[in-house]
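Participant: Provided herewith: coords.csv, CSV, C-alpha atoms and all ligand atoms.
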chain,number,residue,atom,x,y,z
A,401,MET,CA,-36.6,-2.9,-2.5
A,402,THR,CA,-35.3,-6.5,-3.1
A,403,ALA,CA,-31.9,-6.8,-4.6
A,404,ASP,CA,-31.8,-8.3,-8.1
A,405,PRO,CA,-30.6,-12.0,-7.5
A,406,SER,CA,-28.9,-12.1,-10.9
A,407,LEU,CA,-26.4,-9.3,-9.9
A,408,ARG,CA,-22.8,-10.6,-9.4
A,409,THR,CA,-21.4,-10.2,-6.0
A,410,VAL,CA,-18.1,-8.3,-5.7
A,411,LEU,CA,-16.1,-8.7,-2.5
A,412,VAL,CA,-14.3,-5.5,-1.4
A,413,VAL,CA,-12.3,-5.1,1.8
A,414,ALA,CA,-12.1,-1.8,3.5
A,415,VAL,CA,-10.5,-0.4,6.7
A,416,ALA,CA,-11.0,2.2,9.3
A,417,LEU,CA,-7.5,3.3,10.2
A,418,ILE,CA,-7.7,4.8,13.7
A,419,ASP,CA,-4.9,7.2,14.9
A,420,VAL,CA,-3.8,7.7,18.5
A,421,ASP,CA,-6.3,10.6,18.9
A,422,GLY,CA,-9.2,8.3,17.8
A,423,ARG,CA,-9.6,9.9,14.4
A,424,VAL,CA,-10.5,7.7,11.4
A,425,LEU,CA,-9.0,8.0,7.9
A,426,ILE,CA,-11.3,8.5,5.0
A,427,ALA,CA,-10.2,9.1,1.3
A,428,LYS,CA,-11.9,11.0,-1.5
A,429,ARG,CA,-12.6,9.1,-4.7
A,430,PRO,CA,-10.9,10.9,-7.6
A,431,GLU,CA,-12.5,12.3,-10.8
A,432,GLY,CA,-13.0,9.8,-13.5
A,433,LYS,CA,-13.9,7.0,-11.2
A,434,GLN,CA,-17.4,5.7,-10.3
A,435,LEU,CA,-18.7,7.7,-7.2
A,436,ALA,CA,-16.1,10.4,-7.8
A,437,GLY,CA,-15.9,13.0,-5.1
A,438,LEU,CA,-17.4,10.8,-2.4
A,439,TRP,CA,-15.4,9.9,0.7
A,440,GLU,CA,-14.8,6.2,1.4
A,441,PHE,CA,-13.0,3.9,3.8
A,442,PRO,CA,-9.9,2.9,1.9
A,443,GLY,CA,-9.6,-0.6,0.4
A,444,GLY,CA,-10.4,-2.5,-2.8
A,445,LYS,CA,-11.4,-5.7,-4.5
A,446,VAL,CA,-10.3,-9.1,-3.3
A,447,GLU,CA,-8.7,-11.0,-6.2
A,448,PRO,CA,-9.7,-14.6,-6.9
A,449,GLY,CA,-8.0,-16.9,-4.5
A,450,GLU,CA,-6.7,-14.1,-2.4
A,451,ARG,CA,-7.2,-14.0,1.4
A,452,PRO,CA,-9.2,-10.9,2.4
A,453,GLU,CA,-6.5,-9.7,4.8
A,454,ALA,CA,-3.9,-10.1,2.1
A,455,ALA,CA,-6.0,-8.1,-0.3
A,456,LEU,CA,-6.3,-5.3,2.3
A,457,ILE,CA,-2.6,-5.3,3.1
A,458,ARG,CA,-1.9,-5.0,-0.7
A,459,GLU,CA,-4.5,-2.2,-1.2
A,460,LEU,CA,-3.1,-0.2,1.7
A,461,ARG,CA,0.4,-0.5,0.3
A,462,GLU,CA,-0.8,0.5,-3.2
A,463,GLU,CA,-3.3,3.3,-2.2
A,464,LEU,CA,-1.7,4.8,0.9
A,465,GLY,CA,1.9,3.6,0.9
A,466,ILE,CA,1.7,2.1,4.4
A,467,GLU,CA,2.5,-1.4,5.7
A,468,VAL,CA,0.0,-3.2,7.8
A,469,SER,CA,0.4,-6.6,9.4
A,470,ALA,CA,-2.5,-9.1,9.4
A,471,SER,CA,-2.2,-9.4,13.2
A,472,CYS,CA,-3.1,-5.7,13.5
A,473,LEU,CA,-6.4,-6.1,11.6
A,474,SER,CA,-9.2,-6.7,14.0
A,475,PRO,CA,-12.8,-8.0,13.7
A,476,PHE,CA,-15.1,-6.4,11.3
A,477,VAL,CA,-18.6,-5.6,10.4
A,478,PHE,CA,-20.0,-6.3,6.9
A,479,ALA,CA,-21.5,-3.7,4.6
A,480,SER,CA,-23.7,-4.9,1.8
A,481,HIS,CA,-25.2,-2.8,-0.9
A,482,ALA,CA,-26.8,-3.5,-4.3
A,483,TYR,CA,-25.4,-1.0,-6.8
A,484,ASP,CA,-27.0,-0.8,-10.2
A,485,ASP,CA,-24.6,-3.3,-11.8
A,486,PHE,CA,-23.2,-5.4,-8.9
A,487,HIS,CA,-23.9,-6.4,-5.4
A,488,LEU,CA,-21.1,-5.2,-3.0
A,489,LEU,CA,-20.2,-7.2,0.0
A,490,MET,CA,-17.6,-5.3,2.1
A,491,PRO,CA,-16.1,-6.2,5.5
A,492,LEU,CA,-14.7,-3.2,7.3
A,493,TYR,CA,-11.6,-4.0,9.4
A,494,LEU,CA,-10.3,-1.8,12.2
A,495,CYS,CA,-6.6,-1.1,12.3
A,496,ARG,CA,-4.7,1.0,14.9
A,497,ARG,CA,-1.1,0.2,13.9
A,498,TRP,CA,0.8,0.6,10.6
A,499,GLU,CA,4.2,1.5,9.4
A,500,GLY,CA,4.8,4.6,7.3
A,501,THR,CA,2.8,7.8,6.7
A,502,VAL,CA,-0.3,7.8,4.7
A,503,VAL,CA,-0.1,9.4,1.2
A,504,ALA,CA,-2.9,9.8,-1.3
A,505,ARG,CA,-1.6,7.7,-4.2
A,506,GLU,CA,-4.9,6.9,-5.8
A,507,HIS,CA,-7.3,9.3,-4.0
A,508,SER,CA,-7.8,13.1,-4.5
A,509,ALA,CA,-7.6,13.8,-0.8
A,510,LEU,CA,-7.3,12.2,2.6
A,511,ALA,CA,-8.9,13.3,5.9
A,512,TRP,CA,-8.5,12.2,9.5
A,513,VAL,CA,-11.9,12.7,11.0
A,514,ARG,CA,-13.4,12.3,14.5
A,515,PRO,CA,-16.1,9.5,14.4
A,516,GLU,CA,-18.9,12.0,15.3
A,517,LYS,CA,-17.9,14.2,12.3
A,518,LEU,CA,-17.8,11.4,9.7
A,519,ALA,CA,-21.5,12.0,8.9
A,520,ASP,CA,-20.5,15.4,7.5
A,521,TYR,CA,-18.6,13.7,4.6
A,522,PRO,CA,-20.7,12.4,1.7
A,523,MET,CA,-20.0,8.7,1.2
A,524,PRO,CA,-20.9,5.9,-1.1
A,525,PRO,CA,-24.2,4.2,0.0
A,526,ALA,CA,-22.3,1.0,1.0
A,527,ASP,CA,-20.1,3.0,3.4
A,528,ASP,CA,-22.8,5.1,5.0
A,529,PRO,CA,-24.1,2.5,7.5
A,530,LEU,CA,-20.6,1.9,8.8
A,531,VAL,CA,-20.4,5.5,10.1
A,532,ALA,CA,-23.0,4.9,12.8
A,533,TRP,CA,-21.4,1.6,13.7
A,534,LEU,CA,-18.0,3.3,14.1
A,535,ARG,CA,-19.5,6.2,16.1
A,536,ASP,CA,-21.0,3.7,18.6
A,537,LEU,CA,-17.8,1.6,18.8
A,538,LEU,CA,-15.2,4.3,19.2
A,601,LIG,O1,-12.1,2.3,-6.5
A,601,LIG,P1,-12.3,1.4,-7.8
A,601,LIG,O2,-13.6,1.7,-8.4
A,601,LIG,O3,-11.2,1.4,-8.7
A,601,LIG,O4,-12.4,-0.1,-7.3
A,601,LIG,P2,-12.3,-0.7,-5.9
A,601,LIG,O5,-11.7,0.2,-4.8
A,601,LIG,O6,-11.8,-2.0,-6.1
A,601,LIG,O7,-13.8,-0.8,-5.4
A,601,LIG,C1,-14.8,-1.4,-6.3
A,601,LIG,C2,-16.1,-0.7,-6.1
A,601,LIG,O8,-16.6,-0.9,-4.8
A,601,LIG,C3,-16.1,0.8,-6.3
A,601,LIG,O9,-16.2,1.2,-7.6
A,601,LIG,C4,-17.2,1.3,-5.4
A,601,LIG,O10,-18.4,1.2,-6.2
A,601,LIG,C5,-17.3,0.2,-4.3
A,601,LIG,N1,-16.7,0.7,-3.1
A,601,LIG,C6,-17.5,1.3,-2.1
A,601,LIG,O11,-18.7,1.4,-2.3
A,601,LIG,N2,-17.0,1.7,-0.9
A,601,LIG,C7,-15.7,1.6,-0.6
A,601,LIG,N3,-15.2,2.0,0.6
A,601,LIG,C8,-14.8,1.0,-1.6
A,601,LIG,C9,-15.4,0.6,-2.8
Rewrite the structure from the file as structure tokens, please.
Facilitator:
Amino acid sequence: MTADPSLRTVLVVAVALIDVDGRVLIAKRPEGKQLAGLWEFPGGKVEPGERPEAALIRELREELGIEVSASCLSPFVFASHAYDDFHLLMPLYLCRRWEGTVVAREHSALAWVRPEKLADYPMPPADDPLVAWLRDLL
């Protein structure tokens, strides 16, 4: 299927936080939101004029209560998916260092999951292809 070229593109940044045991953090979207109940890589929209890394640092502070430094955010792969009403472009960053303990401020649950188990968690279609990429990388 070809994506509708009139769809607006939304830039969302997401992160795979990786703990010392090599587990990856995923977060469950709460009731009342689009894609409720699915597990996603945390992140959010980049505001106009905002640098992607700054957006991710802001989102991680707001959503999980942790502090991340831009120098700890390493290269990424892009996810791209045409939802019904917008086209999502989403770089996934890797991050192995942060300050603080993650707290679910905007999600209904958090889970630290081994890369080979990520496929057991239903995810939004944009996030799905990232799972195989992470499994190969980690
Ligand atoms: O979560 P919310 O809908 O409030 O907004 P957001 O975090 O700024 O993300 C915007 C949209 O991007 C979400 O509604 C999802 O459709 C999509 N998204 C996704 O597919 N996968 C993610 N890991 C994060 C967001």
Participant: Write out as a PDB file with C-alpha atoms, in the coordinates of the input each polymer residue whose atoms come within 10 Å of Asp404 (chain A), counting only C-alpha atoms; drop sequence neighbours fewer than 6 positions from it.
Facilitator:
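For reference, part.pdb as written:
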ATOM      1  CA  ALA A 482     -26.800  -3.500  -4.300  1.00  0.00           C
ATOM      2  CA  TYR A 483     -25.400  -1.000  -6.800  1.00  0.00           C
ATOM      3  CA  ASP A 484     -27.000  -0.800 -10.200  1.00  0.00           C
ATOM      4  CA  ASP A 485     -24.600  -3.300 -11.800  1.00  0.00           C
ATOM      5  CA  PHE A 486     -23.200  -5.400  -8.900  1.00  0.00           C
ATOM      6  CA  HIS A 487     -23.900  -6.400  -5.400  1.00  0.00           C
TER       7      HIS A 487
END
Participant: Nearest to ligand LIG 601 (chain A) among A:Leu537, A:Cys472, A:Val420, A:Met490, with distances taken over all atoms listed in the file: which residue is it?
Facilitator: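 Ranking A:Leu537, A:Cys472, A:Val420, A:Met490 by distance to ligand LIG 601 (chain A), first place goes to A:Met490.
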Participant: Rounded to one decimal in Å, what is the spacing between CA of Asp421 (chain A) and CA of Leu538 (chain A)?
Facilitator: 10.9 Å
Participant: With a distance cut-off of 10 Å and only C-alpha atoms, select the neighbouring residues of Leu438 (chain A), excluding the residue or stretch itself and same-chain residues fewer than 4 positions from it, and output the selection as a PyMOL selection string.
Facilitator: chain A and resi 426-431+434+521-525
Participant: Check which residues fall inside 7 Å of ligand LIG 601 (chain A) when counting only C-alpha atoms and all ligand atoms, and print them as a PyMOL selection string.
Facilitator: chain A and resi 412+414+433-435+440-445+488+524-527
Participant: Measuring atom to atom with all atoms listed in the file, identify which of A:Val424, A:Glu499, A:Arg451, A:Leu407 is nearest to Lys517 (chain A).
Facilitator: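 Answer, going by the shortest atom-to-atom distance: A:Val424.
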Participant: Given only C-alpha atoms as the basis, pick out the residue of A:Ser406, A:Ala509, A:Val531, A:Val477 nearest to Tyr493 (chain A).
Facilitator: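 Checking each of A:Ser406, A:Ala509, A:Val531, A:Val477 against Tyr493 (chain A), counting only C-alpha atoms, the winner is A:Val477.
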Participant: Quick one: distance from CA of Thr409 (chain A) to CA of Leu489 (chain A) in Å, one decimal?
Facilitator: 6.8 Å
Participant: Can you tell me how far CA of Glu506 (chain A) sits from CA of Glu463 (chain A), in Å to one decimal?
Facilitator: 5.3 Å
Participant: Here is a test: counting all atoms listed in the file, which residue of A:Trp498, A:Val415, A:Pro405, A:Arg461 is nearest to Phe478 (chain A)?
Facilitator: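 The answer is A:Val415, which sits nearest to Phe478 (chain A).
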Participant: Restricting the calculation to all atoms listed in the file: of A:Gly422, A:Gly437, A:Gly500, A:Pro515, which residue gets closest to Gly465 (chain A)?
Facilitator: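 Ranking A:Gly422, A:Gly437, A:Gly500, A:Pro515 by distance to Gly465 (chain A), first place goes to A:Gly500.
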Participant: Taking all atoms listed in the file into account, name the residue in A:Ser480, A:Glu516, A:Leu510, A:Cys495 that is nearest to Pro529 (chain A).
Facilitator: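 Looking only at the distances to Pro529 (chain A), the closest residue turns out to be A:Ser480.
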